[in-house]
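Pasting target_21.csv here (CSV, C-alpha atoms and all ligand atoms):
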```csv
chain,number,residue,atom,x,y,z
A,751,MET,CA,0.0,0.0,0.0
A,752,THR,CA,1.4,3.3,-1.0
A,753,HIS,CA,-0.4,6.5,-0.1
A,754,LEU,CA,0.7,9.5,-2.1
A,755,VAL,CA,0.7,13.0,-0.6
A,756,LEU,CA,1.8,16.4,-1.9
A,757,ASN,CA,1.9,19.1,0.8
A,758,ASN,CA,2.1,22.7,-0.5
A,759,VAL,CA,4.5,21.8,-3.2
A,760,SER,CA,6.1,24.4,-5.3
A,761,PHE,CA,8.7,23.9,-8.0
A,762,GLN,CA,11.0,26.1,-9.9
A,763,TYR,CA,13.3,24.9,-12.8
A,764,PRO,CA,16.9,26.0,-12.6
A,765,ASP,CA,16.3,28.6,-15.3
A,766,GLY,CA,13.8,30.3,-13.0
A,767,THR,CA,10.6,29.0,-14.6
A,768,GLN,CA,8.0,28.6,-11.8
A,769,ALA,CA,6.2,25.4,-12.8
A,770,LEU,CA,4.1,24.6,-9.7
A,771,GLU,CA,2.7,26.7,-6.9
A,772,ASN,CA,1.4,25.4,-3.6
A,773,VAL,CA,0.0,22.2,-5.0
A,774,SER,CA,-1.6,19.9,-2.3
A,775,LEU,CA,-3.0,16.5,-3.2
A,776,GLU,CA,-3.8,13.2,-1.6
A,777,ILE,CA,-4.2,9.9,-3.5
A,778,PRO,CA,-5.0,6.7,-1.6
A,779,GLN,CA,-3.8,3.4,-2.9
A,780,GLY,CA,-5.9,2.0,-5.7
A,781,GLN,CA,-7.4,5.1,-7.2
A,782,ARG,CA,-7.5,5.8,-10.9
A,783,ILE,CA,-7.0,9.5,-11.7
A,784,ALA,CA,-7.0,11.6,-14.8
A,785,LEU,CA,-4.7,14.7,-14.7
A,786,VAL,CA,-5.8,17.2,-17.3
A,787,GLY,CA,-5.1,20.9,-18.2
A,788,GLN,CA,-3.7,23.1,-20.9
A,789,ASN,CA,-0.1,22.7,-22.2
A,790,GLY,CA,2.3,24.1,-19.7
A,791,ALA,CA,-0.1,23.9,-16.8
A,792,GLY,CA,2.4,21.9,-14.8
A,793,LYS,CA,1.1,18.3,-15.2
A,794,THR,CA,4.4,16.6,-16.2
A,795,THR,CA,6.3,18.6,-13.5
A,796,ALA,CA,3.8,17.4,-10.9
A,797,VAL,CA,4.2,13.7,-11.8
A,798,LYS,CA,8.0,14.0,-12.0
A,799,LEU,CA,7.9,15.2,-8.4
A,800,MET,CA,5.8,12.1,-7.5
A,801,ASN,CA,8.5,9.7,-8.7
A,802,GLY,CA,11.5,11.8,-7.5
A,803,LEU,CA,12.8,12.8,-10.9
A,804,LEU,CA,12.3,16.3,-9.5
A,805,LYS,CA,12.5,17.3,-5.9
A,806,PRO,CA,10.2,20.1,-4.6
A,807,THR,CA,11.7,23.6,-4.2
A,808,THR,CA,9.3,24.0,-1.2
A,809,GLY,CA,6.8,21.7,0.4
A,810,GLU,CA,7.0,17.9,0.5
A,811,VAL,CA,6.1,14.9,-1.5
A,812,ILE,CA,5.3,11.8,0.6
A,813,VAL,CA,5.3,8.3,-1.1
A,814,GLY,CA,4.1,5.8,1.4
A,815,GLU,CA,6.4,6.3,4.4
A,816,TRP,CA,9.1,8.1,2.3
A,817,ASN,CA,9.7,11.8,1.8
A,818,THR,CA,11.1,11.9,-1.8
A,819,THR,CA,13.7,14.5,-0.8
A,820,SER,CA,15.7,11.8,1.1
A,821,LYS,CA,15.3,9.1,-1.6
A,822,THR,CA,16.9,8.4,-4.9
A,823,THR,CA,14.9,8.0,-8.1
A,824,ALA,CA,16.0,4.4,-8.2
A,825,GLN,CA,14.6,3.8,-4.8
A,826,LEU,CA,11.3,5.6,-5.6
A,827,SER,CA,10.9,3.7,-8.9
A,828,ARG,CA,10.1,0.6,-6.8
A,829,LYS,CA,7.0,2.3,-5.6
A,830,VAL,CA,6.2,4.7,-8.5
A,831,GLY,CA,6.6,3.7,-12.1
A,832,TYR,CA,6.6,6.6,-14.6
A,833,VAL,CA,6.0,6.2,-18.3
A,834,PHE,CA,7.6,9.2,-20.1
A,835,GLN,CA,5.6,11.5,-22.3
A,836,ASN,CA,7.9,10.8,-25.2
A,837,PRO,CA,8.8,7.1,-25.6
A,838,ASP,CA,12.0,7.9,-27.3
A,839,ASP,CA,13.2,9.5,-24.0
A,840,GLN,CA,12.8,6.1,-22.3
A,841,ILE,CA,13.6,3.3,-24.8
A,842,PHE,CA,17.2,2.2,-24.9
A,843,HIS,CA,17.2,-1.5,-25.9
A,844,ASN,CA,17.2,-2.7,-29.5
A,845,GLU,CA,14.6,-5.4,-28.9
A,846,VAL,CA,11.1,-4.9,-27.4
A,847,ILE,CA,11.3,-7.9,-25.0
A,848,LYS,CA,14.7,-6.7,-23.7
A,849,GLU,CA,13.3,-3.3,-23.0
A,850,VAL,CA,10.3,-4.8,-21.1
A,851,ARG,CA,12.4,-7.3,-19.3
A,852,PHE,CA,14.9,-4.7,-18.1
A,853,GLY,CA,12.7,-3.2,-15.3
A,854,PRO,CA,11.7,-6.4,-13.5
A,855,LYS,CA,15.2,-7.8,-13.8
A,856,ASN,CA,16.6,-4.6,-12.4
A,857,MET,CA,14.1,-4.8,-9.5
A,858,GLY,CA,15.8,-8.1,-8.5
A,859,PHE,CA,12.8,-10.4,-9.2
A,860,ASP,CA,13.7,-14.0,-9.6
A,861,LEU,CA,14.0,-15.3,-13.2
A,862,GLU,CA,10.6,-16.9,-13.3
A,863,ARG,CA,8.9,-13.7,-12.1
A,864,VAL,CA,10.9,-11.6,-14.6
A,865,GLU,CA,9.6,-13.8,-17.4
A,866,GLU,CA,6.0,-13.9,-16.0
A,867,MET,CA,5.8,-10.1,-15.6
A,868,THR,CA,7.4,-9.5,-19.0
A,869,GLN,CA,5.0,-11.8,-20.9
A,870,TRP,CA,2.0,-10.4,-18.9
A,871,ALA,CA,3.0,-6.8,-19.7
A,872,LEU,CA,3.5,-7.5,-23.4
A,873,GLU,CA,0.2,-9.2,-23.7
A,874,LEU,CA,-1.7,-6.5,-21.8
A,875,CYS,CA,-0.2,-3.9,-24.0
A,876,GLY,CA,-1.1,-5.8,-27.2
A,877,ILE,CA,2.5,-6.1,-28.3
A,878,SER,CA,3.4,-9.8,-27.8
A,879,GLN,CA,3.8,-10.3,-31.5
A,880,TYR,CA,6.4,-7.5,-31.7
A,881,ALA,CA,8.6,-9.0,-28.8
A,882,GLU,CA,11.6,-9.6,-31.1
A,883,GLU,CA,11.3,-6.4,-33.0
A,884,ASN,CA,13.5,-3.4,-32.7
A,885,PRO,CA,11.3,-0.8,-31.0
A,886,TYR,CA,12.4,1.8,-33.5
A,887,ASN,CA,10.9,-0.2,-36.3
A,888,LEU,CA,7.5,0.3,-34.7
A,889,PRO,CA,5.3,3.3,-35.1
A,890,TYR,CA,5.1,5.9,-32.3
A,891,SER,CA,1.8,4.6,-30.8
A,892,MET,CA,3.4,1.1,-30.5
A,893,ARG,CA,6.6,2.5,-29.0
A,894,LYS,CA,4.4,4.1,-26.4
A,895,PHE,CA,3.0,0.7,-25.5
A,896,VAL,CA,6.5,-0.7,-25.3
A,897,THR,CA,7.3,1.9,-22.6
A,898,VAL,CA,3.9,1.3,-20.8
A,899,ALA,CA,4.7,-2.5,-20.8
A,900,SER,CA,8.3,-1.8,-19.4
A,901,VAL,CA,6.8,0.1,-16.5
A,902,ILE,CA,3.9,-2.1,-15.6
A,903,ALA,CA,6.2,-5.1,-15.7
A,904,MET,CA,7.9,-3.7,-12.6
A,905,ASP,CA,4.8,-4.2,-10.5
A,906,SER,CA,5.0,-0.9,-8.6
A,907,ASP,CA,2.1,0.2,-6.4
A,908,ILE,CA,1.7,3.5,-8.3
A,909,ILE,CA,1.8,3.8,-12.1
A,910,ILE,CA,2.0,7.2,-13.9
A,911,LEU,CA,1.1,7.3,-17.6
A,912,ASP,CA,2.1,10.6,-19.3
A,913,GLU,CA,-0.1,11.1,-22.3
A,914,PRO,CA,-0.6,7.5,-23.3
A,915,THR,CA,-3.6,8.4,-25.5
A,916,ALA,CA,-1.5,10.7,-27.8
A,917,GLY,CA,-1.5,9.2,-31.3
A,918,GLN,CA,-3.6,6.2,-30.4
A,919,ASP,CA,-6.4,4.9,-32.7
A,920,LYS,CA,-9.6,3.2,-31.6
A,921,ILE,CA,-7.8,-0.1,-30.9
A,922,GLY,CA,-5.0,1.6,-29.0
A,923,LEU,CA,-7.6,3.4,-26.8
A,924,GLU,CA,-9.4,0.1,-26.2
A,925,ILE,CA,-6.2,-1.5,-25.1
A,926,LEU,CA,-5.5,1.4,-22.8
A,927,GLY,CA,-9.1,1.2,-21.3
A,928,ASN,CA,-8.7,-2.5,-20.7
A,929,LEU,CA,-5.2,-1.9,-19.1
A,930,LEU,CA,-6.8,0.6,-16.7
A,931,GLU,CA,-9.4,-1.9,-15.7
A,932,THR,CA,-6.8,-4.6,-15.1
A,933,LEU,CA,-4.5,-2.4,-13.1
A,934,GLU,CA,-7.5,-1.2,-11.0
A,935,SER,CA,-8.5,-4.9,-10.3
A,936,LEU,CA,-4.9,-5.4,-9.1
A,937,GLY,CA,-5.3,-2.5,-6.6
A,938,LYS,CA,-2.8,-0.2,-8.4
A,939,THR,CA,-2.9,3.5,-8.3
A,940,VAL,CA,-2.9,4.9,-11.9
A,941,ILE,CA,-2.4,8.5,-12.6
A,942,THR,CA,-3.0,9.4,-16.3
A,943,ILE,CA,-2.1,12.6,-18.0
A,944,THR,CA,-4.3,13.1,-21.1
A,945,HIS,CA,-5.8,15.7,-23.5
A,946,ASP,CA,-8.5,13.3,-24.6
A,947,MET,CA,-11.6,14.3,-22.8
A,948,GLU,CA,-13.8,11.5,-24.3
A,949,PHE,CA,-11.2,9.0,-22.8
A,950,VAL,CA,-11.4,10.9,-19.5
A,951,THR,CA,-15.2,10.7,-19.2
A,952,THR,CA,-15.3,7.1,-20.3
A,953,HIS,CA,-12.6,5.8,-17.9
A,954,PHE,CA,-12.1,8.1,-14.9
A,955,LYS,CA,-14.2,9.0,-11.9
A,956,ARG,CA,-11.7,11.3,-10.3
A,957,ILE,CA,-10.3,14.1,-12.5
A,958,ILE,CA,-7.7,16.6,-11.4
A,959,VAL,CA,-7.6,19.8,-13.4
A,960,MET,CA,-4.4,22.0,-13.5
A,961,ALA,CA,-4.1,25.5,-14.8
A,962,ASN,CA,-1.3,28.1,-14.4
A,963,ARG,CA,0.8,26.0,-12.1
A,964,ARG,CA,-2.0,25.1,-9.7
A,965,ILE,CA,-4.8,22.5,-9.1
A,966,ILE,CA,-8.0,24.3,-9.8
A,967,ALA,CA,-10.4,21.4,-9.5
A,968,ASP,CA,-10.4,17.8,-8.2
A,969,ASP,CA,-13.8,16.2,-8.9
A,970,GLN,CA,-15.9,14.0,-11.1
A,971,ALA,CA,-16.6,14.6,-14.8
A,972,MET,CA,-20.2,15.7,-14.1
A,973,THR,CA,-19.0,18.6,-12.2
A,974,ILE,CA,-15.9,19.5,-14.1
A,975,PHE,CA,-17.3,19.6,-17.6
A,976,TYR,CA,-20.4,21.5,-16.6
A,977,GLN,CA,-18.7,24.3,-14.6
A,978,ASP,CA,-17.9,27.3,-16.7
A,979,ASP,CA,-15.3,28.9,-14.5
A,980,ILE,CA,-13.2,25.6,-14.5
A,981,LEU,CA,-13.6,25.3,-18.3
A,982,THR,CA,-12.6,28.9,-18.9
A,983,GLU,CA,-9.6,28.9,-16.6
A,984,SER,CA,-8.3,25.5,-17.7
A,985,MET,CA,-9.2,26.1,-21.4
A,986,LEU,CA,-10.5,22.5,-21.4
A,987,LYS,CA,-12.8,21.6,-24.2
A,988,PRO,CA,-15.6,19.3,-22.9
A,989,PRO,CA,-16.2,16.0,-24.7
A,990,ALA,CA,-18.3,16.3,-27.9
A,991,VAL,CA,-21.4,14.8,-26.3
A,992,ALA,CA,-21.4,17.5,-23.5
A,993,GLN,CA,-21.0,20.2,-26.2
A,994,MET,CA,-24.0,18.8,-28.1
A,995,ALA,CA,-26.0,18.5,-24.9
A,996,ALA,CA,-25.3,22.2,-24.2
A,997,LEU,CA,-26.4,23.2,-27.8
A,998,LEU,CA,-29.6,21.2,-27.3
A,999,ASN,CA,-30.2,23.0,-24.0
A,1000,ILE,CA,-30.5,19.7,-22.1
A,1001,PRO,CA,-31.0,20.8,-18.5
A,1002,HIS,CA,-28.8,18.1,-16.9
A,1003,ALA,CA,-25.3,16.8,-17.4
A,1004,VAL,CA,-24.8,14.4,-20.3
A,1005,LEU,CA,-21.5,12.6,-20.7
A,1006,SER,CA,-22.1,9.6,-22.9
A,1007,LYS,CA,-23.6,9.0,-26.4
A,1008,LYS,CA,-26.1,6.6,-24.8
A,1009,GLU,CA,-27.5,9.3,-22.5
A,1010,LEU,CA,-27.6,11.8,-25.3
A,1011,ILE,CA,-29.4,9.5,-27.7
A,1012,ALA,CA,-31.9,8.5,-25.0
A,1013,TYR,CA,-32.7,12.1,-24.3
A,1014,ILE,CA,-33.1,13.0,-28.0
A,1015,LYS,CA,-35.4,9.9,-28.5
A,1016,SER,CA,-37.6,10.9,-25.5
A,1017,HIS,CA,-37.9,14.6,-26.4
A,1018,TYR,CA,-38.0,14.8,-30.2
A,1019,GLN,CA,-40.5,13.3,-32.6
A,1020,PRO,CA,-39.0,11.6,-35.7
A,1021,LEU,CA,-39.7,13.6,-38.9
A,1022,SER,CA,-42.6,12.0,-40.9
A,1023,SER,CA,-41.5,10.8,-44.3
A,1024,GLU,CA,-44.9,11.8,-45.9
A,1101,LIG,N1,13.3,21.5,-18.1
A,1101,LIG,C1,12.6,22.6,-18.0
A,1101,LIG,N2,13.2,23.8,-17.8
A,1101,LIG,C2,12.5,25.0,-17.7
A,1101,LIG,N3,11.2,25.1,-17.8
A,1101,LIG,C3,10.5,23.9,-18.0
A,1101,LIG,C4,11.2,22.7,-18.1
A,1101,LIG,N4,10.2,21.7,-18.3
A,1101,LIG,C5,9.0,22.3,-18.3
A,1101,LIG,N5,9.2,23.7,-18.1
A,1101,LIG,C6,8.1,24.7,-18.0
A,1101,LIG,O1,7.4,24.4,-16.8
A,1101,LIG,C7,6.0,24.7,-17.1
A,1101,LIG,C8,5.2,23.5,-16.8
A,1101,LIG,O2,5.5,22.5,-17.8
A,1101,LIG,P1,5.0,21.0,-17.8
A,1101,LIG,O3,5.7,20.2,-18.8
A,1101,LIG,O4,4.9,20.5,-16.4
A,1101,LIG,O5,3.5,21.3,-18.2
A,1101,LIG,P2,2.4,20.2,-18.8
A,1101,LIG,O6,1.1,20.6,-18.1
A,1101,LIG,O7,2.8,18.9,-18.6
A,1101,LIG,O8,2.3,20.6,-20.3
A,1101,LIG,P3,2.1,19.6,-21.6
A,1101,LIG,O9,0.6,19.2,-21.6
A,1101,LIG,O10,2.5,20.5,-22.7
A,1101,LIG,O11,3.0,18.4,-21.4
A,1101,LIG,C9,5.9,25.2,-18.5
A,1101,LIG,O12,6.0,26.6,-18.5
A,1101,LIG,C10,7.2,24.7,-19.2
A,1101,LIG,O13,7.6,25.5,-20.2
```

Please render this file's structure as structure tokens.
Amino acid sequence: MTHLVLNNVSFQYPDGTQALENVSLEIPQGQRIALVGQNGAGKTTAVKLMNGLLKPTTGEVIVGEWNTTSKTTAQLSRKVGYVFQNPDDQIFHNEVIKEVRFGPKNMGFDLERVEEMTQWALELCGISQYAEENPYNLPYSMRKFVTVASVIAMDSDIIILDEPTAGQDKIGLEILGNLLETLESLGKTVITITHDMEFVTTHFKRIIVMANRRIIADDQAMTIFYQDDILTESMLKPPAVAQMAALLNIPHAVLSKKELIAYIKSHYQPLSSE
């Protein structure tokens, strides 16, 4: 069990850029969270603080019983796995299976567990058939799955996915949705940064919205996508169904195609063909 806490965390990059200001947050083990907000809001900085790649300038980040300030990234990676935004910043092996195997091997798992976790991760990410390929012969969306597999194979309590939906087609998004279900059933905490609001409303109950270096909302989709001040400040575009519901003046929150169609069917008469 690894409880994650950020207490009044601020962060400044060495060039003076203030990337986070007084961010406080608590994530109990096992939650599935979407982290959203405009480019530059501070999302990647926030998650890099969670796995110790960055240390807070002020405030504290607590991972389980550890304060990240006194731990190395290698120590923290046992508890918090981070899938980089750009897979090419992460991949360094010339064979997919070697890349995925590296993490569990490095954690010191016995050989049998290394193989078991590697095969499980490859399968869950839909890339078993590319195990012997050079990752750089695969398209970006597949390379992203190689990095996801490499991290989930390490079996950490907390898993952070930085923009896994970028460049994914329908099948890729289905694989990701299924992956989230599986990780939740295993009791993992999964924090996902994404710009895909359809994906957010379909797969996440808790959504954290960042804007201008701060958290401006931490709530469910029903609240976030129907609150004008949050949408304005974060510049988030609600999912298409919510936009259509607003155009139709539907008086309550609608977040799925099913709900939208049901409303239309019950309120509008079909046009007669005569
Ligand atoms: N290495 C760095 N040095 C200096 N400034 C940085 C560095 N990395 C990020 N920043 C700046 O910190 C701020 C927050 O960036 P961050 O990458 O955390 O935002 P983000 O919400 O993840 O954006 P995106 O959705 O584009 O990934 C931005 O102003 C960004 O330009």

Subject >> Straight-line distance linking CA of Met800 in chain A with CA of Val813 in chain A, stated in Å to one decimal >> reply: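 Between these atoms lies a distance of 7.5 Å.
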
Subject >> Option closest in space to ligand LIG 1101 (chain A), from A:Lys821, A:Lys829, A:Lys1008, A:His945 [counting only C-alpha atoms and all ligand atoms] >> reply: A:His945

**OP:** Counting all atoms listed in the file, figure out which residue out of A:Gln768, A:Asn789, A:Gln977, A:Thr868 gets nearest to ligand LIG 1101 (chain A).
**Re:**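 The answer is A:Asn789, which sits nearest to ligand LIG 1101 (chain A).
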
**OP:** All residues within 10 Å of ligand LIG 1101 (chain A) are required, counting only C-alpha atoms and all ligand atoms; please report them as a ChimeraX atom specification.
**Re:** /A:761-770,785-798,835-836,912-913,943-945,959-963

Subject >> Nearest-residue call for Tyr832 in chain A, choices A:Pro778, A:Pro988, A:Gly802, A:Gly917, using all atoms listed in the file >> reply: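 Result for the nearest residue to Tyr832 in chain A: A:Gly802.
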
**OP:** Kindly indicate which residue among A:Ile1000, A:Leu929, A:Ile965, A:Ile877 lies nearest to Glu771 in chain A, using all atoms listed in the file for the distances.
**Re:** A:Ile965

Would you list the contacts of Leu874 in chain A as a compact mmCIF listing (two decimals) with C-alpha atoms, in the coordinates of the input, taking every protein, DNA or RNA residue within 8 Å and counting all atoms listed in the file, but skipping same-chain residues closer than 4 positions in sequence?
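File produced: around05.txt:
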```txt
# COMPACT_ATOMS: atom_id res chain seq x y z
CA TRP A 870 2.00 -10.40 -18.90
CA ALA A 899 4.70 -2.50 -20.80
CA ILE A 925 -6.20 -1.50 -25.10
CA LEU A 929 -5.20 -1.90 -19.10
```

Subject >> Coordinates-based distance that separates CA of Val940 in chain A from CA of Arg782 in chain A (Å, one decimal) >> reply: 4.8 Å

Original post:
Nearest to Arg851 in chain A among A:Asn928, A:Gln993, A:Thr822, A:Gln869, with distances taken over all atoms listed in the file: which residue is it?
Top reply: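 Checking each of A:Asn928, A:Gln993, A:Thr822, A:Gln869 against Arg851 in chain A, counting all atoms listed in the file, the winner is A:Gln869.
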
Using only C-alpha atoms, list the residues that have an atom at most 7 Å from (10.6, -6.7, -26.1), coordinates as in the file, as a compact mmCIF listing (two decimals) with C-alpha atoms, in the coordinates of the input.
```txt
# COMPACT_ATOMS: atom_id res chain seq x y z
CA GLU A 845 14.60 -5.40 -28.90
CA VAL A 846 11.10 -4.90 -27.40
CA ILE A 847 11.30 -7.90 -25.00
CA LYS A 848 14.70 -6.70 -23.70
CA GLU A 849 13.30 -3.30 -23.00
CA VAL A 850 10.30 -4.80 -21.10
CA ALA A 881 8.60 -9.00 -28.80
CA GLU A 882 11.60 -9.60 -31.10
CA GLU A 883 11.30 -6.40 -33.00
```

Subject >> Given only C-alpha atoms as the counted atoms, nearest of A:Asn844, A:Ala903, A:Phe975, A:Phe852 to Glu873 in chain A >> reply: A:Ala903

**OP:** Could you please determine the separation between CA of Ser827 in chain A and CA of Lys938 in chain A in Å, to one decimal place?
**Re:** 14.3 Å

Neighbour list for Ile909 in chain A as an mmCIF file with C-alpha atoms, in the coordinates of the input, cut-off 8 Å, all atoms listed in the file, skip fewer than 4 positions in-chain:
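For reference, selection16.cif as written:
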```
data_model
loop_
_atom_site.group_PDB
_atom_site.id
_atom_site.type_symbol
_atom_site.label_atom_id
_atom_site.label_comp_id
_atom_site.auth_asym_id
_atom_site.auth_seq_id
_atom_site.Cartn_x
_atom_site.Cartn_y
_atom_site.Cartn_z
ATOM 1 C CA VAL A 830 6.200 4.700 -8.500
ATOM 2 C CA GLY A 831 6.600 3.700 -12.100
ATOM 3 C CA TYR A 832 6.600 6.600 -14.600
ATOM 4 C CA VAL A 833 6.000 6.200 -18.300
ATOM 5 C CA VAL A 901 6.800 0.100 -16.500
ATOM 6 C CA ILE A 902 3.900 -2.100 -15.600
ATOM 7 C CA LYS A 938 -2.800 -0.200 -8.400
ATOM 8 C CA THR A 939 -2.900 3.500 -8.300
ATOM 9 C CA VAL A 940 -2.900 4.900 -11.900
ATOM 10 C CA ILE A 941 -2.400 8.500 -12.600
#
```

I'd like the neighbourhood of Tyr1013 in chain A as a PDB file with C-alpha atoms, keeping the file's coordinate frame, where a residue qualifies if any of its atoms comes within 12 Å (using all atoms listed in the file), though same-chain residues fewer than 4 positions away should be ignored.
```pdb
ATOM      1  CA  VAL A 991     -21.400  14.800 -26.300  1.00  0.00           C
ATOM      2  CA  MET A 994     -24.000  18.800 -28.100  1.00  0.00           C
ATOM      3  CA  ALA A 995     -26.000  18.500 -24.900  1.00  0.00           C
ATOM      4  CA  LEU A 998     -29.600  21.200 -27.300  1.00  0.00           C
ATOM      5  CA  ASN A 999     -30.200  23.000 -24.000  1.00  0.00           C
ATOM      6  CA  ILE A1000     -30.500  19.700 -22.100  1.00  0.00           C
ATOM      7  CA  PRO A1001     -31.000  20.800 -18.500  1.00  0.00           C
ATOM      8  CA  HIS A1002     -28.800  18.100 -16.900  1.00  0.00           C
ATOM      9  CA  ALA A1003     -25.300  16.800 -17.400  1.00  0.00           C
ATOM     10  CA  VAL A1004     -24.800  14.400 -20.300  1.00  0.00           C
ATOM     11  CA  LEU A1005     -21.500  12.600 -20.700  1.00  0.00           C
ATOM     12  CA  SER A1006     -22.100   9.600 -22.900  1.00  0.00           C
ATOM     13  CA  LYS A1007     -23.600   9.000 -26.400  1.00  0.00           C
ATOM     14  CA  LYS A1008     -26.100   6.600 -24.800  1.00  0.00           C
ATOM     15  CA  GLU A1009     -27.500   9.300 -22.500  1.00  0.00           C
ATOM     16  CA  HIS A1017     -37.900  14.600 -26.400  1.00  0.00           C
ATOM     17  CA  TYR A1018     -38.000  14.800 -30.200  1.00  0.00           C
ATOM     18  CA  GLN A1019     -40.500  13.300 -32.600  1.00  0.00           C
TER      19      GLN A1019
END
```

Missing atoms in range 983-995 of chain A should be modelled up to N, CA and C atoms and reported as a tab-separated table (two decimals), keeping the file's coordinate frame.
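Output below, filename selection_17.tsv:
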```tsv
chain	number	residue	atom	x	y	z
A	983	GLU	N	-10.96	28.74	-17.10
A	983	GLU	CA	-9.60	28.90	-16.60
A	983	GLU	C	-8.64	27.85	-17.11
A	984	SER	N	-9.16	26.62	-17.29
A	984	SER	CA	-8.30	25.50	-17.70
A	984	SER	C	-8.19	25.45	-19.26
A	985	MET	N	-9.11	26.16	-19.94
A	985	MET	CA	-9.20	26.10	-21.40
A	985	MET	C	-9.49	24.67	-21.89
A	986	LEU	N	-10.15	23.88	-21.04
A	986	LEU	CA	-10.50	22.50	-21.40
A	986	LEU	C	-11.71	22.55	-22.35
A	987	LYS	N	-11.68	21.69	-23.37
A	987	LYS	CA	-12.80	21.60	-24.20
A	987	LYS	C	-13.62	20.34	-23.78
A	988	PRO	N	-14.87	20.50	-23.37
A	988	PRO	CA	-15.60	19.30	-22.90
A	988	PRO	C	-15.77	18.30	-24.02
A	989	PRO	N	-16.03	17.04	-23.68
A	989	PRO	CA	-16.20	16.00	-24.70
A	989	PRO	C	-17.37	16.41	-25.65
A	990	ALA	N	-17.33	15.90	-26.89
A	990	ALA	CA	-18.30	16.30	-27.90
A	990	ALA	C	-19.75	16.11	-27.43
A	991	VAL	N	-20.05	15.02	-26.72
A	991	VAL	CA	-21.40	14.80	-26.30
A	991	VAL	C	-21.89	15.92	-25.33
A	992	ALA	N	-21.01	16.38	-24.47
A	992	ALA	CA	-21.40	17.50	-23.50
A	992	ALA	C	-21.60	18.76	-24.31
A	993	GLN	N	-20.80	18.98	-25.36
A	993	GLN	CA	-21.00	20.20	-26.20
A	993	GLN	C	-22.34	20.13	-26.90
A	994	MET	N	-22.69	18.94	-27.42
A	994	MET	CA	-24.00	18.80	-28.10
A	994	MET	C	-25.14	18.97	-27.13
A	995	ALA	N	-24.99	18.41	-25.94
A	995	ALA	CA	-26.00	18.50	-24.90
A	995	ALA	C	-26.26	20.01	-24.59
```
